[in-house]
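Asks: Coordinates in data35.cif, mmCIF, C-alpha atoms and all ligand atoms, are listed below.
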```cif
data_input
#
loop_
_atom_site.group_PDB
_atom_site.id
_atom_site.type_symbol
_atom_site.label_atom_id
_atom_site.label_comp_id
_atom_site.auth_asym_id
_atom_site.auth_seq_id
_atom_site.Cartn_x
_atom_site.Cartn_y
_atom_site.Cartn_z
ATOM 1 C CA MET A 1 15.818 -22.513 6.175
ATOM 2 C CA LEU A 2 12.279 -21.876 4.798
ATOM 3 C CA ARG A 3 11.511 -24.315 2.034
ATOM 4 C CA ALA A 4 8.562 -25.461 -0.059
ATOM 5 C CA THR A 5 9.104 -28.828 -1.718
ATOM 6 C CA ASP A 6 6.949 -30.076 -4.592
ATOM 7 C CA VAL A 7 3.955 -28.091 -3.408
ATOM 8 C CA SER A 8 0.707 -28.043 -5.375
ATOM 9 C CA LEU A 9 -2.210 -25.769 -4.624
ATOM 10 C CA SER A 10 -5.622 -25.345 -6.229
ATOM 11 C CA TYR A 11 -8.593 -23.070 -5.676
ATOM 12 C CA ASP A 12 -11.850 -24.847 -6.538
ATOM 13 C CA GLU A 13 -10.059 -27.540 -8.580
ATOM 14 C CA GLU A 14 -8.178 -24.857 -10.532
ATOM 15 C CA ALA A 15 -4.440 -25.409 -10.064
ATOM 16 C CA VAL A 16 -2.451 -22.291 -9.190
ATOM 17 C CA PHE A 17 0.841 -24.197 -9.136
ATOM 18 C CA ARG A 18 1.988 -27.797 -9.299
ATOM 19 C CA ASP A 19 5.120 -29.471 -7.901
ATOM 20 C CA LEU A 20 6.719 -26.163 -7.111
ATOM 21 C CA SER A 21 9.906 -25.985 -5.054
ATOM 22 C CA ILE A 22 11.562 -22.887 -3.645
ATOM 23 C CA GLU A 23 13.716 -22.080 -0.665
ATOM 24 C CA VAL A 24 15.248 -19.085 1.025
ATOM 25 C CA GLY A 25 18.318 -19.270 3.208
ATOM 26 C CA GLU A 26 19.518 -17.161 6.092
ATOM 27 C CA GLY A 27 20.517 -13.688 4.959
ATOM 28 C CA GLU A 28 19.339 -14.238 1.415
ATOM 29 C CA VAL A 29 16.877 -12.286 -0.738
ATOM 30 C CA VAL A 30 14.829 -14.242 -3.276
ATOM 31 C CA ALA A 31 12.555 -12.346 -5.674
ATOM 32 C CA VAL A 32 9.501 -13.999 -7.205
ATOM 33 C CA ILE A 33 8.537 -12.411 -10.493
ATOM 34 C CA GLY A 34 5.759 -13.327 -12.874
ATOM 35 C CA PRO A 35 2.675 -11.949 -14.566
ATOM 36 C CA SER A 36 -0.344 -10.699 -12.669
ATOM 37 C CA GLY A 37 -2.612 -13.439 -11.368
ATOM 38 C CA VAL A 38 -0.014 -16.198 -11.775
ATOM 39 C CA GLY A 39 0.025 -17.027 -8.047
ATOM 40 C CA LYS A 40 2.724 -14.940 -6.372
ATOM 41 C CA THR A 41 0.511 -13.987 -3.426
ATOM 42 C CA THR A 42 -0.695 -17.568 -3.111
ATOM 43 C CA LEU A 43 2.898 -18.774 -3.040
ATOM 44 C CA LEU A 44 3.842 -16.265 -0.327
ATOM 45 C CA ARG A 45 0.827 -17.265 1.757
ATOM 46 C CA THR A 46 1.860 -20.888 1.382
ATOM 47 C CA LEU A 47 5.365 -20.026 2.600
ATOM 48 C CA ALA A 48 3.820 -18.006 5.457
ATOM 49 C CA LEU A 49 2.065 -21.233 6.557
ATOM 50 C CA ALA A 50 -1.275 -19.482 6.093
ATOM 51 C CA LEU A 51 -2.364 -21.836 3.282
ATOM 52 C CA GLU A 52 -1.923 -25.578 3.419
ATOM 53 C CA PRO A 53 -0.719 -27.003 0.112
ATOM 54 C CA ASP A 54 -2.751 -29.865 -1.389
ATOM 55 C CA GLU A 55 0.489 -31.758 -1.868
ATOM 56 C CA GLY A 56 4.108 -31.295 -0.914
ATOM 57 C CA ALA A 57 5.703 -29.890 2.205
ATOM 58 C CA VAL A 58 6.652 -26.545 3.686
ATOM 59 C CA THR A 59 9.466 -26.801 6.185
ATOM 60 C CA LEU A 60 11.178 -24.332 8.477
ATOM 61 C CA ASP A 61 14.625 -25.502 9.524
ATOM 62 C CA GLY A 62 13.609 -29.010 8.557
ATOM 63 C CA THR A 63 10.320 -29.153 10.489
ATOM 64 C CA ASP A 64 7.371 -29.984 8.257
ATOM 65 C CA ALA A 65 4.807 -27.343 9.245
ATOM 66 C CA TRP A 66 1.785 -29.389 8.214
ATOM 67 C CA ALA A 67 2.958 -32.596 9.870
ATOM 68 C CA VAL A 68 3.056 -31.103 13.372
ATOM 69 C CA ASP A 69 0.207 -30.134 15.668
ATOM 70 C CA GLU A 70 -1.523 -26.769 15.642
ATOM 71 C CA ALA A 71 0.482 -25.341 18.551
ATOM 72 C CA GLU A 72 3.794 -26.221 16.961
ATOM 73 C CA ARG A 73 2.653 -24.824 13.627
ATOM 74 C CA LEU A 74 1.692 -21.574 15.341
ATOM 75 C CA ALA A 75 5.167 -21.408 16.861
ATOM 76 C CA LEU A 76 6.677 -21.873 13.388
ATOM 77 C CA ARG A 77 4.336 -19.256 11.934
ATOM 78 C CA ARG A 78 5.554 -16.744 14.486
ATOM 79 C CA ARG A 79 9.013 -17.026 12.991
ATOM 80 C CA VAL A 80 7.777 -15.890 9.582
ATOM 81 C CA GLY A 81 6.688 -12.303 8.952
ATOM 82 C CA MET A 82 4.574 -11.107 6.064
ATOM 83 C CA VAL A 83 4.054 -7.609 4.729
ATOM 84 C CA PHE A 84 1.051 -7.198 2.472
ATOM 85 C CA GLN A 85 0.604 -5.044 -0.574
ATOM 86 C CA GLU A 86 -1.501 -2.601 1.385
ATOM 87 C CA ALA A 87 -0.505 -1.403 4.818
ATOM 88 C CA SER A 88 -3.082 -2.399 7.417
ATOM 89 C CA LEU A 89 -2.513 -0.106 10.354
ATOM 90 C CA PHE A 90 -4.996 0.499 13.151
ATOM 91 C CA ASP A 91 -5.921 3.743 14.902
ATOM 92 C CA GLY A 92 -3.187 4.606 17.333
ATOM 93 C CA THR A 93 0.336 5.893 17.167
ATOM 94 C CA VAL A 94 3.046 4.638 14.864
ATOM 95 C CA ALA A 95 4.813 3.109 17.883
ATOM 96 C CA ARG A 96 1.695 1.198 18.974
ATOM 97 C CA ASN A 97 1.342 -0.261 15.512
ATOM 98 C CA VAL A 98 4.929 -1.489 15.438
ATOM 99 C CA GLU A 99 4.761 -2.791 18.993
ATOM 100 C CA TYR A 100 1.598 -4.698 18.136
ATOM 101 C CA GLY A 101 3.617 -7.005 15.903
ATOM 102 C CA LEU A 102 5.872 -7.777 18.829
ATOM 103 C CA ARG A 103 2.999 -8.589 21.138
ATOM 104 C CA VAL A 104 1.095 -10.792 18.747
ATOM 105 C CA ARG A 105 4.031 -12.627 17.305
ATOM 106 C CA ARG A 106 6.106 -13.392 20.340
ATOM 107 C CA SER A 107 5.483 -16.481 22.369
ATOM 108 C CA TRP A 108 4.705 -16.094 26.049
ATOM 109 C CA SER A 109 8.216 -16.997 27.097
ATOM 110 C CA ASP A 110 9.731 -14.458 24.721
ATOM 111 C CA ARG A 111 7.318 -11.821 25.951
ATOM 112 C CA LEU A 112 8.264 -12.509 29.524
ATOM 113 C CA ALA A 113 11.939 -12.297 28.628
ATOM 114 C CA SER A 114 11.380 -8.974 26.915
ATOM 115 C CA VAL A 115 9.545 -7.589 29.962
ATOM 116 C CA LEU A 116 12.528 -8.577 32.049
ATOM 117 C CA ARG A 117 14.857 -6.922 29.583
ATOM 118 C CA LEU A 118 13.826 -3.406 30.530
ATOM 119 C CA ASN A 119 12.572 -1.418 27.571
ATOM 120 C CA GLY A 120 13.416 -4.253 25.184
ATOM 121 C CA ALA A 121 10.231 -3.686 23.231
ATOM 122 C CA ALA A 122 10.704 0.070 23.027
ATOM 123 C CA ASP A 123 14.207 -0.482 21.666
ATOM 124 C CA ALA A 124 12.991 -2.923 19.038
ATOM 125 C CA VAL A 125 10.256 -0.493 17.974
ATOM 126 C CA HIS A 126 12.681 2.402 17.747
ATOM 127 C CA GLU A 127 15.333 0.412 15.897
ATOM 128 C CA SER A 128 12.981 -0.940 13.297
ATOM 129 C CA LEU A 129 11.454 2.506 12.734
ATOM 130 C CA GLU A 130 14.981 3.796 12.215
ATOM 131 C CA VAL A 131 15.535 1.197 9.509
ATOM 132 C CA VAL A 132 12.602 2.642 7.550
ATOM 133 C CA GLY A 133 13.538 6.243 8.368
ATOM 134 C CA LEU A 134 10.524 6.985 10.564
ATOM 135 C CA ALA A 135 12.035 7.143 14.043
ATOM 136 C CA ASP A 136 10.898 10.752 14.301
ATOM 137 C CA LYS A 137 7.245 9.777 13.757
ATOM 138 C CA THR A 138 6.938 7.395 16.708
ATOM 139 C CA ASP A 139 4.155 9.323 18.438
ATOM 140 C CA GLN A 140 2.317 10.431 15.332
ATOM 141 C CA PRO A 141 -1.160 8.934 14.767
ATOM 142 C CA ALA A 142 -0.966 6.202 12.119
ATOM 143 C CA ASP A 143 -3.944 7.635 10.232
ATOM 144 C CA SER A 144 -2.012 10.828 9.561
ATOM 145 C CA LEU A 145 0.707 9.041 7.577
ATOM 146 C CA SER A 146 1.059 9.117 3.813
ATOM 147 C CA GLY A 147 0.536 5.821 1.961
ATOM 148 C CA GLY A 148 4.279 5.381 1.548
ATOM 149 C CA GLU A 149 4.953 6.027 5.212
ATOM 150 C CA ALA A 150 2.197 3.612 6.240
ATOM 151 C CA GLN A 151 3.790 0.906 4.100
ATOM 152 C CA ARG A 152 7.140 1.614 5.759
ATOM 153 C CA VAL A 153 5.507 1.245 9.185
ATOM 154 C CA SER A 154 4.093 -2.126 8.103
ATOM 155 C CA PHE A 155 7.604 -3.183 7.185
ATOM 156 C CA ALA A 156 8.946 -1.947 10.549
ATOM 157 C CA ARG A 157 6.230 -3.909 12.345
ATOM 158 C CA ALA A 158 7.331 -7.129 10.662
ATOM 159 C CA LEU A 159 11.012 -6.397 11.260
ATOM 160 C CA ALA A 160 10.600 -5.511 14.943
ATOM 161 C CA TYR A 161 10.093 -9.042 16.167
ATOM 162 C CA GLU A 162 13.105 -10.335 14.262
ATOM 163 C CA PRO A 163 11.501 -13.043 12.157
ATOM 164 C CA ASP A 164 13.677 -15.735 10.593
ATOM 165 C CA ALA A 165 11.975 -15.141 7.273
ATOM 166 C CA LEU A 166 10.207 -12.101 5.900
ATOM 167 C CA LEU A 167 7.746 -12.359 3.002
ATOM 168 C CA LEU A 168 6.951 -9.182 1.112
ATOM 169 C CA ASP A 169 4.051 -9.033 -1.330
ATOM 170 C CA GLU A 170 4.588 -6.229 -3.839
ATOM 171 C CA PRO A 171 5.858 -3.995 -1.043
ATOM 172 C CA THR A 172 6.391 -0.955 -3.248
ATOM 173 C CA SER A 173 3.749 -1.286 -5.955
ATOM 174 C CA ASP A 174 1.959 1.953 -5.033
ATOM 175 C CA LEU A 175 4.972 3.893 -3.819
ATOM 176 C CA ASP A 176 6.958 6.771 -5.250
ATOM 177 C CA PRO A 177 10.695 6.387 -5.943
ATOM 178 C CA ARG A 178 11.773 7.779 -2.576
ATOM 179 C CA ASN A 179 9.603 5.448 -0.510
ATOM 180 C CA THR A 180 10.559 2.585 -2.821
ATOM 181 C CA ALA A 181 14.247 3.285 -2.203
ATOM 182 C CA VAL A 182 13.686 3.276 1.582
ATOM 183 C CA ILE A 183 11.940 -0.117 1.426
ATOM 184 C CA GLU A 184 14.659 -1.549 -0.809
ATOM 185 C CA GLU A 185 17.318 -0.369 1.633
ATOM 186 C CA ALA A 186 15.334 -1.912 4.472
ATOM 187 C CA ILE A 187 15.317 -5.224 2.563
ATOM 188 C CA GLY A 188 19.111 -5.013 2.499
ATOM 189 C CA GLU A 189 19.152 -4.325 6.229
ATOM 190 C CA ALA A 190 16.927 -7.359 6.863
ATOM 191 C CA ARG A 191 19.337 -9.495 4.843
ATOM 192 C CA ASP A 192 22.299 -8.122 6.821
ATOM 193 C CA ARG A 193 20.507 -9.201 9.999
ATOM 194 C CA GLY A 194 20.404 -12.756 8.681
ATOM 195 C CA ILE A 195 16.711 -12.734 7.789
ATOM 196 C CA GLY A 196 15.707 -14.736 4.700
ATOM 197 C CA VAL A 197 13.566 -12.458 2.509
ATOM 198 C CA VAL A 198 11.176 -13.479 -0.255
ATOM 199 C CA VAL A 199 9.784 -10.570 -2.231
ATOM 200 C CA ALA A 200 7.065 -10.901 -4.843
ATOM 201 C CA THR A 201 7.317 -8.076 -7.329
ATOM 202 C CA HIS A 202 6.095 -7.248 -10.805
ATOM 203 C CA ASP A 203 9.015 -4.837 -11.122
ATOM 204 C CA MET A 204 11.889 -6.680 -12.780
ATOM 205 C CA HIS A 205 14.289 -3.823 -12.111
ATOM 206 C CA GLN A 206 13.500 -4.090 -8.441
ATOM 207 C CA ALA A 207 14.215 -7.813 -8.533
ATOM 208 C CA GLU A 208 17.538 -7.030 -10.199
ATOM 209 C CA ARG A 209 18.389 -4.441 -7.545
ATOM 210 C CA VAL A 210 17.496 -6.350 -4.397
ATOM 211 C CA ALA A 211 17.642 -10.089 -5.030
ATOM 212 C CA ASP A 212 20.405 -12.649 -4.709
ATOM 213 C CA ARG A 213 18.271 -15.162 -6.577
ATOM 214 C CA VAL A 214 15.195 -14.831 -8.738
ATOM 215 C CA ALA A 215 12.337 -17.276 -9.297
ATOM 216 C CA VAL A 216 10.231 -16.798 -12.421
ATOM 217 C CA LEU A 217 6.673 -17.960 -11.874
ATOM 218 C CA LEU A 218 4.857 -18.680 -15.133
ATOM 219 C CA ASP A 219 1.604 -20.570 -15.658
ATOM 220 C CA ASP A 220 1.510 -23.263 -12.983
ATOM 221 C CA GLY A 221 5.113 -23.395 -11.835
ATOM 222 C CA ILE A 222 8.566 -21.891 -11.659
ATOM 223 C CA SER A 223 10.083 -21.825 -15.123
ATOM 224 C CA GLU A 224 13.513 -21.039 -13.737
ATOM 225 C CA ILE A 225 15.182 -20.114 -10.484
ATOM 226 C CA GLY A 226 18.773 -19.022 -10.126
ATOM 227 C CA PRO A 227 21.249 -16.247 -9.386
ATOM 228 C CA THR A 228 19.825 -12.845 -10.349
ATOM 229 C CA GLU A 229 22.446 -12.138 -12.954
ATOM 230 C CA SER A 230 22.029 -15.395 -14.822
ATOM 231 C CA ILE A 231 18.219 -15.090 -14.861
ATOM 232 C CA PHE A 232 18.391 -11.629 -16.404
ATOM 233 C CA GLU A 233 21.508 -11.950 -18.539
ATOM 234 C CA ASP A 234 21.546 -15.564 -19.597
ATOM 235 C CA PRO A 235 18.359 -17.512 -18.802
ATOM 236 C CA GLU A 236 18.458 -21.197 -19.633
ATOM 237 C CA ASN A 237 14.742 -21.608 -20.172
ATOM 238 C CA GLU A 238 13.169 -20.300 -23.362
ATOM 239 C CA ARG A 239 9.950 -19.149 -21.650
ATOM 240 C CA THR A 240 11.955 -17.345 -18.987
ATOM 241 C CA ARG A 241 13.907 -15.580 -21.696
ATOM 242 C CA LYS A 242 10.711 -14.528 -23.469
ATOM 243 C CA PHE A 243 9.141 -13.287 -20.240
ATOM 244 C CA ILE A 244 12.233 -11.284 -19.298
ATOM 245 C CA SER A 245 12.520 -9.756 -22.741
ATOM 246 C CA GLY A 246 8.811 -8.884 -22.831
ATOM 247 C CA GLU A 247 8.064 -11.191 -25.764
ATOM 248 C CA LEU A 248 5.783 -13.381 -23.701
ATOM 249 C CA VAL A 249 2.575 -11.421 -23.479
ATOM 250 C CA TYR A 250 -0.011 -12.230 -20.824
HETATM 251 N N1 LIG B 301 -9.262 -17.282 -2.279
HETATM 252 C C1 LIG B 301 -9.273 -17.549 -3.593
HETATM 253 N N2 LIG B 301 -10.258 -18.298 -4.139
HETATM 254 C C2 LIG B 301 -10.277 -18.610 -5.458
HETATM 255 N N3 LIG B 301 -9.335 -18.192 -6.332
HETATM 256 C C3 LIG B 301 -8.340 -17.429 -5.860
HETATM 257 C C4 LIG B 301 -8.244 -17.068 -4.469
HETATM 258 N N4 LIG B 301 -7.134 -16.316 -4.295
HETATM 259 C C5 LIG B 301 -6.560 -16.205 -5.520
HETATM 260 N N5 LIG B 301 -7.275 -16.860 -6.463
HETATM 261 C C6 LIG B 301 -6.916 -16.994 -7.890
HETATM 262 O O1 LIG B 301 -5.666 -17.660 -7.962
HETATM 263 C C7 LIG B 301 -4.848 -17.064 -8.961
HETATM 264 C C8 LIG B 301 -3.539 -16.564 -8.350
HETATM 265 O O2 LIG B 301 -3.802 -15.424 -7.506
HETATM 266 P P1 LIG B 301 -2.664 -14.634 -6.765
HETATM 267 O O3 LIG B 301 -3.301 -13.507 -6.027
HETATM 268 O O4 LIG B 301 -1.845 -15.580 -5.991
HETATM 269 O O5 LIG B 301 -1.784 -14.072 -7.993
HETATM 270 P P2 LIG B 301 -0.660 -12.953 -8.035
HETATM 271 O O6 LIG B 301 0.412 -13.471 -8.928
HETATM 272 O O7 LIG B 301 -0.273 -12.564 -6.668
HETATM 273 O O8 LIG B 301 -1.412 -11.752 -8.728
HETATM 274 P P3 LIG B 301 -1.088 -10.165 -8.695
HETATM 275 O O9 LIG B 301 0.301 -9.994 -9.211
HETATM 276 O O10 LIG B 301 -2.137 -9.602 -9.639
HETATM 277 O O11 LIG B 301 -1.275 -9.727 -7.280
HETATM 278 C C9 LIG B 301 -5.670 -15.984 -9.603
HETATM 279 O O12 LIG B 301 -6.260 -16.509 -10.760
HETATM 280 C C10 LIG B 301 -6.724 -15.655 -8.562
HETATM 281 O O13 LIG B 301 -7.908 -15.196 -9.143
#
```
Rewrite the structure from the file as structure tokens, please.
Replies:
Amino acid sequence: MLRATDVSLSYDEEAVFRDLSIEVGEGEVVAVIGPSGVGKTTLLRTLALALEPDEGAVTLDGTDAWAVDEAERLALRRRVGMVFQEASLFDGTVARNVEYGLRVRRSWSDRLASVLRLNGAADAVHESLEVVGLADKTDQPADSLSGGEAQRVSFARALAYEPDALLLDEPTSDLDPRNTAVIEEAIGEARDRGIGVVVATHDMHQAERVADRVAVLLDDGISEIGPTESIFEDPENERTRKFISGELVY
């Protein structure tokens, strides 16, 4: 569904990754793990069609996002949601923040259809807040939320417009165990809805808990990608094994 093929990307001539390939299918969770600064955020932004790779292709259902015109790329981008490490909510209620995702992301025709479907937007807002356990906070001002709650609202905002793919950048790095558990359950819910999820995390246990497949990003590429169990229990690549066991120090 969402696929990067042989992508290379550099900042100021400095390669972040070279010839990297990764894909996520419908209803699948792929975790990207790797040391700090290796390029996990850059990879997610490439998959979100926010960064154009220097080489290679990013395709959504077979359409090469950088080979089509701007309008078509924007339409593809709308089908991919991203949740950043830090929640970026604006002043206003929780509901307004979640609804905002719907308004910005939907195309005009979808918006019109949702106006015709009475209360369609309100339902989507409520449902996605339920997924993150915040349906009772709909009318609360966003600036009164705890950090964990704000992050959950960010997740709800991305979920509300039913993206095909959802990219999560360290979604629980600053959260306590309870908020972390809520987000991990919400990842499962997204998968059950058929959304393809890519989650970048430095927490290997989290990758083990939530992912169907794991990609290990080391130096300038993926050292290994495969089913979660085989990556953690029986990695084929020596560097992967050392990274997993903590022998590879960065
Ligand atoms: N806009 C930019 N301009 C120049 N260099 C950048 C830019 N963004 C990121 N980098 C560099 O690219 C490398 C990869 O950064 P990136 O944020 O993708 O890593 P990461 O794996 O997500 O890190 P972390 O786990 O610490 O968040 C880093 O060396 C970073 O300093």
Asks: Within 12 Å of ligand LIG 301 (chain B), which residues show up when you count only C-alpha atoms and all ligand atoms? List them as a VMD selection string, please.
Replies: chain A and resid 9 to 17 32 to 46 50 to 51 84 to 86 168 to 171 173 199 to 203 216 to 221 250
Asks: Taking into account only C-alpha atoms, which residue in the set A:Ala215, A:Leu159, A:Leu102, A:Leu89 is nearest to A:Leu145?
Replies: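 Among the listed residues, the smallest separation from A:Leu145 belongs to A:Leu89.
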Asks: Can you translate the PyMOL selection byres (((chain A and resi 3) around 8) and not hetatm) into the concrete residues it hits in this file, as a tab-separated table (two decimals) with C-alpha atoms, in the frame of the given file?
Replies:
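What ended up in part_12.tsv:
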```tsv
chain	number	residue	atom	x	y	z
A	1	MET	CA	15.82	-22.51	6.18
A	2	LEU	CA	12.28	-21.88	4.80
A	4	ALA	CA	8.56	-25.46	-0.06
A	5	THR	CA	9.10	-28.83	-1.72
A	21	SER	CA	9.91	-25.98	-5.05
A	22	ILE	CA	11.56	-22.89	-3.64
A	23	GLU	CA	13.72	-22.08	-0.66
A	24	VAL	CA	15.25	-19.08	1.02
A	47	LEU	CA	5.36	-20.03	2.60
A	58	VAL	CA	6.65	-26.54	3.69
A	59	THR	CA	9.47	-26.80	6.18
A	60	LEU	CA	11.18	-24.33	8.48
```
Asks: Tell me, in Å to one decimal, how far atom CA of A:Ala71 is from atom CA of A:Asp123.
Replies: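 Going from atom CA of A:Ala71 over to atom CA of A:Asp123, I get 28.6 Å.
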Asks: For atom CA of A:Val98 and atom CA of A:Ala122, quote the distance in Å rounded to one decimal.
Replies: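 About the pair atom CA of A:Val98 and atom CA of A:Ala122: they are 9.7 Å apart.
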Asks: So that I can check the surroundings of stretch 132-137 of chain A, please list as a list of chain:residue names every protein, DNA and RNA residue that reaches within 7 Å of it, counting only C-alpha atoms and ignoring chain neighbours fewer than 4 positions away.
Replies: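 Final neighbour list, sorted by chain and number: A:Val94, A:His126, A:Ser128, A:Arg152, A:Ala156, A:Val182, A:Ile183, A:Ala186.
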Asks: For the file shown, what are the residues hit by the PyMOL selection byres (((chain A and resi 148) around 8) and not hetatm), laid out as a PyMOL selection string?
Replies: chain A and resi 145-147+149-152+174-176+179
Asks: What's the separation between atom CA of A:Leu167 and atom CA of A:Asp212, in Å to one decimal place?
Replies: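 Atom CA of A:Asp212 lies at a distance of 14.8 Å from atom CA of A:Leu167.
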Asks: Could you tell me which of A:Ile225, A:Val30, A:Ala95, A:Val125 comes closest to A:Val197 if we count all atoms listed in the file?
Replies: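 Looking at the shortest contact to A:Val197, the residue is A:Val30.
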Asks: So, counting all atoms listed in the file, which residue among A:Gly27, A:Gly246, A:Gly101, A:Pro53 is closest to A:Ala160?
Replies: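 Answer, going by the shortest atom-to-atom distance: A:Gly101.
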Asks: Select, from A:Asp143, A:Glu247, A:Glu189, A:Asp64, the residue with the minimum atom-to-atom distance to A:Glu52, counting only C-alpha atoms.
Replies: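 Using only C-alpha atoms, A:Glu52 sits closest to A:Asp64.
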Asks: Using only C-alpha atoms, find the one residue out of A:Glu70, A:Glu224, A:Lys242, A:Asp91 that sits nearest to A:Leu49.
Replies: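 The answer is A:Glu70, which sits nearest to A:Leu49.
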Asks: Given the choices A:Ser8, A:Thr93, A:Thr138, A:Asn237, which gets closest to A:Asp54 if the distance is worked out from all atoms listed in the file?
Replies: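 Among A:Ser8, A:Thr93, A:Thr138, A:Asn237, it is A:Ser8 that comes nearest to A:Asp54.
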Asks: Please identify all polymer residues lying at most 7 Å from the point (20.5, -15.2, 11.3) (file coordinates), using all atoms listed in the file, and present the result as an NGL selection string.
Replies: :A and (26-27 or 164 or 193-195)
